[in-house]
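Accompanying notes for the structure given below.
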Amino acid sequence: MEMPARRVLIESVVCHDRLPSFVAPALCGAGKRRSWPLANVIKNVAIPTVAHRRRTARRVARRTPVRETRTVSPISRGFHGRRSEVDPARVPPGQYVTPDFPVLSAGPTPHTPLAAWSFTVRGSVDEPVSWSWDELQALPSEDITVDIHCVTKWSKLDTRWTGVSVDTLLADVQTSAEYVLAFSDGGYTTNLPLEDVRDGQAWVAYAYDGEPLDPEHGGPARLLVPHLYFWKSAKWVRGLELRQEDEPGFWEGFGYNNYGDPWKEQRYAGD
Amino acid sequence: MDALDGNAIGGMLRSAFGEEMTAATGVCATCGKPNVLAELRVYLRAPGAVGRCRHCGNVVTVLVERHEVTCVDLRGLAHLT
Amino acid sequence: MEGTALRGRLTWQIGTVIELIQETARTRSIVLDLPEWRGHRAGQHVDVRLTADDGYQAQRSYSIASAPEDGHLEITVERLDDGEVSPYLVGELRPGDALELRGPIGGYFVWEASLGGPLLLVAGGSGVVPLRAMLRHHSAIGSTVPMRLLYSARTLDEVIYRDELMKSAEGAIDVRFTLTREQPEGWRGYARRIDRELLAEVAWPVDDRSLVYVCGPTGFVETAAEALVALGHEPGRIRTERFGPS
């Protein structure tokens with residue numbers, strides 16, 4: 001085996017292959033500092049801000065790559081991927097429209113039986129409030145058609161969902177909180193400003209295209225917040241935690257943008 | 001969707017560390033059990049590549065390619081040999 | 001050569017397609033000329049990246065099908081019905097086209113003489129690709145390490161490298177097939193999905209401490225690995241590589 005037999009305690013190592021190489025300090029069990037002599041390894045707790053050209057938000061599809069690539073990739077003759085031709089005004093910068101509905105996941109698909117399922121609003125509220133599956137189904141629901149944009153660059157237009165507006169779920173909630181953390185089965189979380197899930201901007205969706213939402217797409221219910229990148233539309237959602245302080249969710253904590261506006265191409269932290 | 005394994009993130013790891021990492025063993029920070037990085041449960045179809053402990057399922061490593069740079073987070077590992 | 005294959009920057013290289021070989025109805029081998037290639041170890045893979053004319057990119061990993069001793073680099077690709085990259089590589093790519101890739105990648109799912117044996121290679125479908133690189137390497141170096149291949153495919157027509165494997169079977173390599181969906185008349189090989197009993201018959205005795213390489217779809221790999229461990233084989237001597245749509 002090529003790896004040297006050295007025990008190293010690693011804390012939040014973030015590696016960038018473009019930065020000049022230097023040695024990362026790492027804590028060893030005894031509290032002494034020892035180094036991990038890898039090229040280009042730095043110890044960091046926050047993703048550094050990368051300076052880049054300002055871009056004004058444009059509602060036009062960007063047809064050239066955003067950043068200069070180090071090597072110029074050859075065009076693969078005859079390769080088109082799975083994209084469709086659409087009105088560019090509907091496509092945020094850097095996105096490509098697909099007719100498919102890709103399944104993306106950070107972990108195994110949870111399978112919570114409906115009898116055990118509940119949705120809870122908790123946190124900076126007088127009292128947490130919960131709905132069982134039947135209770136959620138009994139709430140007024142809406143059929144909506146929206147475009148969705150994934151940070152991995154695919155967009156899907158005119159997707160049809162059925163769900164309960166988050167406004168309905170927050171109707172009787174008194175709070176001074178400014179943030180929410182959506183939490184899901186399987187441990188996934190994502191954070192948003194509270195105002196971004198109000199005023200007709202967010203739903204707890206349980207049907208897609210007229211059918212019960214498939215588990216691999218987040219069923220039985222997912223959060224749906226189409227004006228932000230789709231990682232904010234937490235699959236397998238089980239509730240919202242209202243908070244005074246913002247708390248980064250799963251992808252936000254791994255370098256993705258805290259807000260995620262596709263029209264400003266806010267993919268990563270610092271964008 | 002079935003998970004792949006750490007072989008599938010071999011390129012990203014190699015790109016970030018400058019050397020082969022799939023044969024390295026990491027101890028899960030959650031359950032304390034060792035994982036050869038090649039044997040992690042890997043979810044590739046996501047905004048980043050997620051490697052989970054084969055024993056307890058908790059996240060061991062997340063790799064994100066942002067603007068041509070591979071960022072590796074190893075917070076889920078207690079030791080890496 | 002080992003050192004250069006492991007260290008150094010992993011950069012994207014541009015190769016030229018020299019030859020395309022239709023292996024089965026759904027799989028095709030792509031032989032490449034890569035001026036900057038510095039060699040590889042049997043079992044490693046490459047990442048392939050395609051770029052459309054509007055900048056859209058897609059990237060996938062493919063195992064190297066050739067041995068380090070073979071003149072050119074070869075990968076074998078199976079066309080996935082709803083794939084984005086594989087239909088292009090299997091259906092559209094032509095000799096003379098450029099292909100961007102980086103590699104070789106992998107330091108775990110590799111075999112070379114210093115690792116010894118005896119060897120059991122267990123292939124599910126296109127999982128045979130990196131194992132074929134190991135078979136070719138074993139032959140090229142004149143290794144006397146006992147080697148056995150168990151290859152699970154749906155039908156005989158779907159067996160990749162069939163002629164080559166039959167020929168190896170006439171030599172020193174023990175090649176066993178199991179055809180899970182359909183068997184030809186008079187078929188005397190196995191005719192079911194791998195299970196504990198089948199592996200008990202095919203695997204080396206536990207005391208031989210064989211090295212096992214299992215490659216294929218995730219479900220296949222996990223069934224095989226679990227069965228081998230249950231039969232008493234050391235988990236540390238079973239190496240796995242899972243394939244899947246990505």
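All residue names refer to the structure tokens as shown: chains lettered A, B, ... in order, residues numbered from 1 in each chain, ligands numbered from 1 in order.
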If you run DSSP on the backbone, which residues of range 181-224 of chain C are helix (DSSP H, G or I), as a VMD selection string? chain C and resid 196 to 202 206 to 208 218 to 224
Write the residues of the preceding selection, restricted to N, CA and C atoms, as a PDB file, in the first residue's frame.
```pdb
ATOM      1  N   ARG C 196     -24.627 -18.302  -2.444  1.00  0.00           N
ATOM      2  CA  ARG C 196     -23.603 -18.857  -1.561  1.00  0.00           C
ATOM      3  C   ARG C 196     -23.125 -20.235  -2.036  1.00  0.00           C
ATOM      4  N   GLU C 197     -24.054 -21.049  -2.487  1.00  0.00           N
ATOM      5  CA  GLU C 197     -23.685 -22.413  -2.908  1.00  0.00           C
ATOM      6  C   GLU C 197     -22.766 -22.360  -4.122  1.00  0.00           C
ATOM      7  N   LEU C 198     -23.121 -21.530  -5.057  1.00  0.00           N
ATOM      8  CA  LEU C 198     -22.331 -21.408  -6.274  1.00  0.00           C
ATOM      9  C   LEU C 198     -20.916 -20.933  -5.934  1.00  0.00           C
ATOM     10  N   LEU C 199     -20.846 -19.930  -5.089  1.00  0.00           N
ATOM     11  CA  LEU C 199     -19.529 -19.415  -4.708  1.00  0.00           C
ATOM     12  C   LEU C 199     -18.741 -20.451  -3.918  1.00  0.00           C
ATOM     13  N   ALA C 200     -19.403 -21.227  -3.106  1.00  0.00           N
ATOM     14  CA  ALA C 200     -18.703 -22.266  -2.351  1.00  0.00           C
ATOM     15  C   ALA C 200     -18.052 -23.263  -3.301  1.00  0.00           C
ATOM     16  N   GLU C 201     -18.711 -23.526  -4.421  1.00  0.00           N
ATOM     17  CA  GLU C 201     -18.149 -24.471  -5.389  1.00  0.00           C
ATOM     18  C   GLU C 201     -16.998 -23.858  -6.186  1.00  0.00           C
ATOM     19  N   VAL C 202     -17.083 -22.573  -6.441  1.00  0.00           N
ATOM     20  CA  VAL C 202     -16.121 -21.942  -7.351  1.00  0.00           C
ATOM     21  C   VAL C 202     -14.919 -21.335  -6.631  1.00  0.00           C
ATOM     22  N   VAL C 206     -10.917 -21.757   1.639  1.00  0.00           N
ATOM     23  CA  VAL C 206     -10.698 -20.622   2.541  1.00  0.00           C
ATOM     24  C   VAL C 206      -9.252 -20.564   3.029  1.00  0.00           C
ATOM     25  N   ASP C 207      -8.687 -21.709   3.309  1.00  0.00           N
ATOM     26  CA  ASP C 207      -7.316 -21.763   3.840  1.00  0.00           C
ATOM     27  C   ASP C 207      -6.269 -21.253   2.849  1.00  0.00           C
ATOM     28  N   ASP C 208      -6.616 -21.199   1.582  1.00  0.00           N
ATOM     29  CA  ASP C 208      -5.676 -20.690   0.580  1.00  0.00           C
ATOM     30  C   ASP C 208      -5.511 -19.175   0.690  1.00  0.00           C
ATOM     31  N   THR C 218     -23.985  -2.755  -8.061  1.00  0.00           N
ATOM     32  CA  THR C 218     -23.910  -2.752  -6.597  1.00  0.00           C
ATOM     33  C   THR C 218     -24.559  -3.980  -5.969  1.00  0.00           C
ATOM     34  N   GLY C 219     -25.761  -4.326  -6.405  1.00  0.00           N
ATOM     35  CA  GLY C 219     -26.458  -5.475  -5.821  1.00  0.00           C
ATOM     36  C   GLY C 219     -25.663  -6.767  -5.994  1.00  0.00           C
ATOM     37  N   PHE C 220     -25.101  -6.945  -7.161  1.00  0.00           N
ATOM     38  CA  PHE C 220     -24.297  -8.137  -7.457  1.00  0.00           C
ATOM     39  C   PHE C 220     -23.081  -8.198  -6.532  1.00  0.00           C
ATOM     40  N   VAL C 221     -22.391  -7.100  -6.439  1.00  0.00           N
ATOM     41  CA  VAL C 221     -21.163  -7.045  -5.642  1.00  0.00           C
ATOM     42  C   VAL C 221     -21.462  -7.345  -4.183  1.00  0.00           C
ATOM     43  N   GLU C 222     -22.537  -6.783  -3.681  1.00  0.00           N
ATOM     44  CA  GLU C 222     -22.832  -6.973  -2.265  1.00  0.00           C
ATOM     45  C   GLU C 222     -23.280  -8.393  -1.975  1.00  0.00           C
ATOM     46  N   THR C 223     -24.031  -8.978  -2.881  1.00  0.00           N
ATOM     47  CA  THR C 223     -24.413 -10.384  -2.713  1.00  0.00           C
ATOM     48  C   THR C 223     -23.168 -11.265  -2.685  1.00  0.00           C
ATOM     49  N   ALA C 224     -22.285 -11.052  -3.645  1.00  0.00           N
ATOM     50  CA  ALA C 224     -21.081 -11.882  -3.736  1.00  0.00           C
ATOM     51  C   ALA C 224     -20.176 -11.694  -2.525  1.00  0.00           C
TER      52      ALA C 224
END
```
Would you list, as a ChimeraX atom specification, the residues of range 223-255 of chain A that end up in strand (DSSP E) under DSSP run on this structure's backbone? /A:223-224,237-243
Export N, CA and C atoms of the chosen residues as a PDB file, in the first residue's frame?
```pdb
ATOM      1  N   LEU A 223     -40.261  19.620   0.551  1.00  0.00           N
ATOM      2  CA  LEU A 223     -40.421  21.059   0.497  1.00  0.00           C
ATOM      3  C   LEU A 223     -40.257  21.479  -0.967  1.00  0.00           C
ATOM      4  N   LEU A 224     -40.962  22.474  -1.368  1.00  0.00           N
ATOM      5  CA  LEU A 224     -40.839  22.976  -2.738  1.00  0.00           C
ATOM      6  C   LEU A 224     -40.679  24.484  -2.685  1.00  0.00           C
ATOM      7  N   VAL A 237     -39.091  15.885   3.611  1.00  0.00           N
ATOM      8  CA  VAL A 237     -39.139  16.899   4.662  1.00  0.00           C
ATOM      9  C   VAL A 237     -40.065  16.463   5.795  1.00  0.00           C
ATOM     10  N   ARG A 238     -39.653  16.757   7.019  1.00  0.00           N
ATOM     11  CA  ARG A 238     -40.468  16.418   8.178  1.00  0.00           C
ATOM     12  C   ARG A 238     -40.803  17.635   9.013  1.00  0.00           C
ATOM     13  N   GLY A 239     -40.250  18.792   8.620  1.00  0.00           N
ATOM     14  CA  GLY A 239     -40.627  19.978   9.394  1.00  0.00           C
ATOM     15  C   GLY A 239     -39.754  21.169   9.124  1.00  0.00           C
ATOM     16  N   LEU A 240     -40.151  22.260   9.758  1.00  0.00           N
ATOM     17  CA  LEU A 240     -39.414  23.512   9.689  1.00  0.00           C
ATOM     18  C   LEU A 240     -39.086  23.959  11.097  1.00  0.00           C
ATOM     19  N   GLU A 241     -37.837  24.307  11.271  1.00  0.00           N
ATOM     20  CA  GLU A 241     -37.434  24.839  12.574  1.00  0.00           C
ATOM     21  C   GLU A 241     -37.222  26.336  12.407  1.00  0.00           C
ATOM     22  N   LEU A 242     -38.043  27.122  13.068  1.00  0.00           N
ATOM     23  CA  LEU A 242     -37.923  28.574  12.989  1.00  0.00           C
ATOM     24  C   LEU A 242     -36.813  29.029  13.928  1.00  0.00           C
ATOM     25  N   ARG A 243     -35.950  29.919  13.458  1.00  0.00           N
ATOM     26  CA  ARG A 243     -34.756  30.257  14.231  1.00  0.00           C
ATOM     27  C   ARG A 243     -34.478  31.749  14.195  1.00  0.00           C
TER      28      ARG A 243
END
```
Pull out every residue of chain B that has at least one atom within 10 Å of chain C, counting only C-alpha atoms, and report them as a count of residues only. 34
Please report the interatomic distance between CA of His149 in chain A and CA of Arg122 in chain A in Å with one decimal. 28.2 Å
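From CA of Ala177 in chain A back to CA of Ser124 in chain A, the distance works out to 5.9 Å.
Using only C-alpha atoms, the protein and nucleic acid residues lying no more than 10 Å from Arg132 in chain C, apart from those fewer than 3 places from it along its own chain, are Ala42, Gly43, Ser63, Ile64, Ala65, Ser66, Ala67, Leu121, Ala123, Gly127, Val128, Val129, Leu135, Arg136, His137, His138, Leu149, Ile160, Tyr161, Glu164 and Leu165 of chain C.
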With N, CA and C atoms retained, write the just-selected residues as a CSV table (one decimal), in the first residue's frame.
```
chain,number,residue,atom,x,y,z
C,42,ALA,N,-3.3,-2.8,-13.7
C,42,ALA,CA,-4.5,-3.6,-14.1
C,42,ALA,C,-5.6,-3.4,-13.0
C,43,GLY,N,-6.8,-2.9,-13.4
C,43,GLY,CA,-7.9,-2.7,-12.5
C,43,GLY,C,-8.2,-1.2,-12.3
C,63,SER,N,-13.7,1.7,-16.6
C,63,SER,CA,-12.5,0.8,-16.3
C,63,SER,C,-11.7,0.6,-17.6
C,64,ILE,N,-10.4,0.6,-17.3
C,64,ILE,CA,-9.4,0.3,-18.4
C,64,ILE,C,-9.5,-1.2,-18.7
C,65,ALA,N,-9.7,-1.6,-20.0
C,65,ALA,CA,-9.8,-3.0,-20.3
C,65,ALA,C,-8.5,-3.6,-20.8
C,66,SER,N,-7.5,-2.7,-21.0
C,66,SER,CA,-6.3,-3.2,-21.5
C,66,SER,C,-5.3,-3.4,-20.4
C,67,ALA,N,-4.3,-4.3,-20.7
C,67,ALA,CA,-3.2,-4.5,-19.7
C,67,ALA,C,-2.2,-3.4,-19.9
C,121,LEU,N,-11.6,-13.9,-9.5
C,121,LEU,CA,-12.2,-12.8,-10.1
C,121,LEU,C,-13.7,-13.0,-10.3
C,123,ALA,N,-17.1,-11.5,-11.8
C,123,ALA,CA,-17.6,-10.4,-12.6
C,123,ALA,C,-19.1,-10.5,-12.8
C,127,GLY,N,-18.9,-5.7,-15.3
C,127,GLY,CA,-17.9,-5.7,-14.2
C,127,GLY,C,-16.7,-6.5,-14.7
C,128,VAL,N,-16.8,-7.2,-15.8
C,128,VAL,CA,-15.7,-8.0,-16.3
C,128,VAL,C,-14.5,-7.1,-16.8
C,129,VAL,N,-14.9,-5.9,-17.1
C,129,VAL,CA,-13.9,-5.1,-17.8
C,129,VAL,C,-12.5,-4.9,-17.1
C,135,LEU,N,-6.5,-10.2,-16.2
C,135,LEU,CA,-6.2,-11.4,-16.9
C,135,LEU,C,-5.1,-11.2,-17.9
C,136,ARG,N,-5.3,-10.1,-18.7
C,136,ARG,CA,-4.3,-9.9,-19.7
C,136,ARG,C,-2.9,-9.6,-19.1
C,137,HIS,N,-2.9,-8.9,-18.0
C,137,HIS,CA,-1.6,-8.5,-17.3
C,137,HIS,C,-1.0,-9.8,-16.8
C,138,HIS,N,-1.8,-10.7,-16.2
C,138,HIS,CA,-1.3,-11.9,-15.7
C,138,HIS,C,-0.7,-12.8,-16.8
C,149,LEU,N,-11.8,-17.2,-12.9
C,149,LEU,CA,-12.8,-16.1,-13.2
C,149,LEU,C,-14.2,-16.7,-13.1
C,160,ILE,N,-19.0,-10.4,-22.7
C,160,ILE,CA,-18.0,-9.6,-23.3
C,160,ILE,C,-16.7,-10.3,-23.4
C,161,TYR,N,-15.9,-10.1,-24.5
C,161,TYR,CA,-14.6,-10.8,-24.7
C,161,TYR,C,-14.8,-12.3,-24.7
C,164,GLU,N,-11.9,-14.3,-26.4
C,164,GLU,CA,-10.7,-14.2,-25.7
C,164,GLU,C,-10.7,-15.0,-24.4
C,165,LEU,N,-11.9,-15.0,-23.7
C,165,LEU,CA,-12.0,-15.7,-22.4
C,165,LEU,C,-12.0,-17.2,-22.7
```
Residues of chain C that have any atom at most 8 Å from an atom of chain A: could you tabulate them with the shortest-distance atom pair and the distance in Å to one decimal, using only C-alpha atoms, ordered by chain and increasing number, as a tab-separated table?
```
residue	atom	partner	partner_atom	distance
C:Trp12	CA	A:Thr71	CA	7.7
C:Ile14	CA	A:Pro74	CA	7.7
C:Leu50	CA	A:Ser76	CA	5.6
C:Thr51	CA	A:Ile75	CA	5.1
C:Ala52	CA	A:Phe79	CA	5.5
C:Asp53	CA	A:Ile75	CA	5.8
C:Asp54	CA	A:Arg63	CA	5.6
C:Gly55	CA	A:Pro65	CA	5.7
C:Tyr56	CA	A:Tyr96	CA	7.6
C:Ala58	CA	A:Gly81	CA	7.6
C:Glu84	CA	A:Gly81	CA	5.7
C:Val85	CA	A:Gly81	CA	7.2
C:Tyr88	CA	A:Phe79	CA	6.6
C:Glu92	CA	A:Gly78	CA	7.0
C:Leu93	CA	A:Arg77	CA	7.9
C:Asp97	CA	A:Arg77	CA	7.2
C:Ala98	CA	A:Ser76	CA	6.8
C:Leu99	CA	A:Ser76	CA	7.0
C:Glu100	CA	A:Ser73	CA	7.0
```
Residues of chain B within 6 Å of chain A, counting only C-alpha atoms - could you list those as a PyMOL selection string? chain B and resi 16+43+45-47+50+69-75+78-81
List the neighbours of range 174-177 of chain C out to 8 Å using only C-alpha atoms; skip same-chain residues closer than 3 positions along the sequence, and give me the result as a VMD selection string. chain C and resid 147 to 153 165 to 166 168 to 169 189 to 190
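Note that CA of Gly270 in chain A and CA of Glu247 in chain A are 16.7 Å apart.
Proximity of A:Asp143, A:Glu265, A:Asp172, A:Asp214 to Val121 in chain A, computed with only C-alpha atoms, is greatest for A:Asp172.
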Taking 4 positions as the minimum chain separation for residues in the same chain, which residues sit within 8 Å of Trp203 in chain A when counting only C-alpha atoms? Answer as a PDB file with C-alpha atoms, in the first residue's frame.
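This went into out.pdb:
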```pdb
ATOM      1  CA  GLY A 163     -49.158  20.507  -2.011  1.00  0.00           C
ATOM      2  CA  VAL A 164     -49.993  22.633   0.971  1.00  0.00           C
ATOM      3  CA  SER A 165     -48.700  26.180   0.955  1.00  0.00           C
ATOM      4  CA  VAL A 166     -46.248  26.885   3.764  1.00  0.00           C
ATOM      5  CA  VAL A 197     -40.995  30.427   2.435  1.00  0.00           C
ATOM      6  CA  LEU A 223     -40.421  21.059   0.497  1.00  0.00           C
ATOM      7  CA  LEU A 224     -40.839  22.976  -2.738  1.00  0.00           C
ATOM      8  CA  VAL A 225     -39.202  26.392  -3.055  1.00  0.00           C
TER       9      VAL A 225
END
```
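Residues with any atom within 8 Å of Arg28 in chain C, counting only C-alpha atoms and excluding same-chain neighbours fewer than 4 positions away, are Leu20, Ile21, Gln22, Glu23, Thr24, Thr76, Val77, Glu78 and Val90 of chain C.
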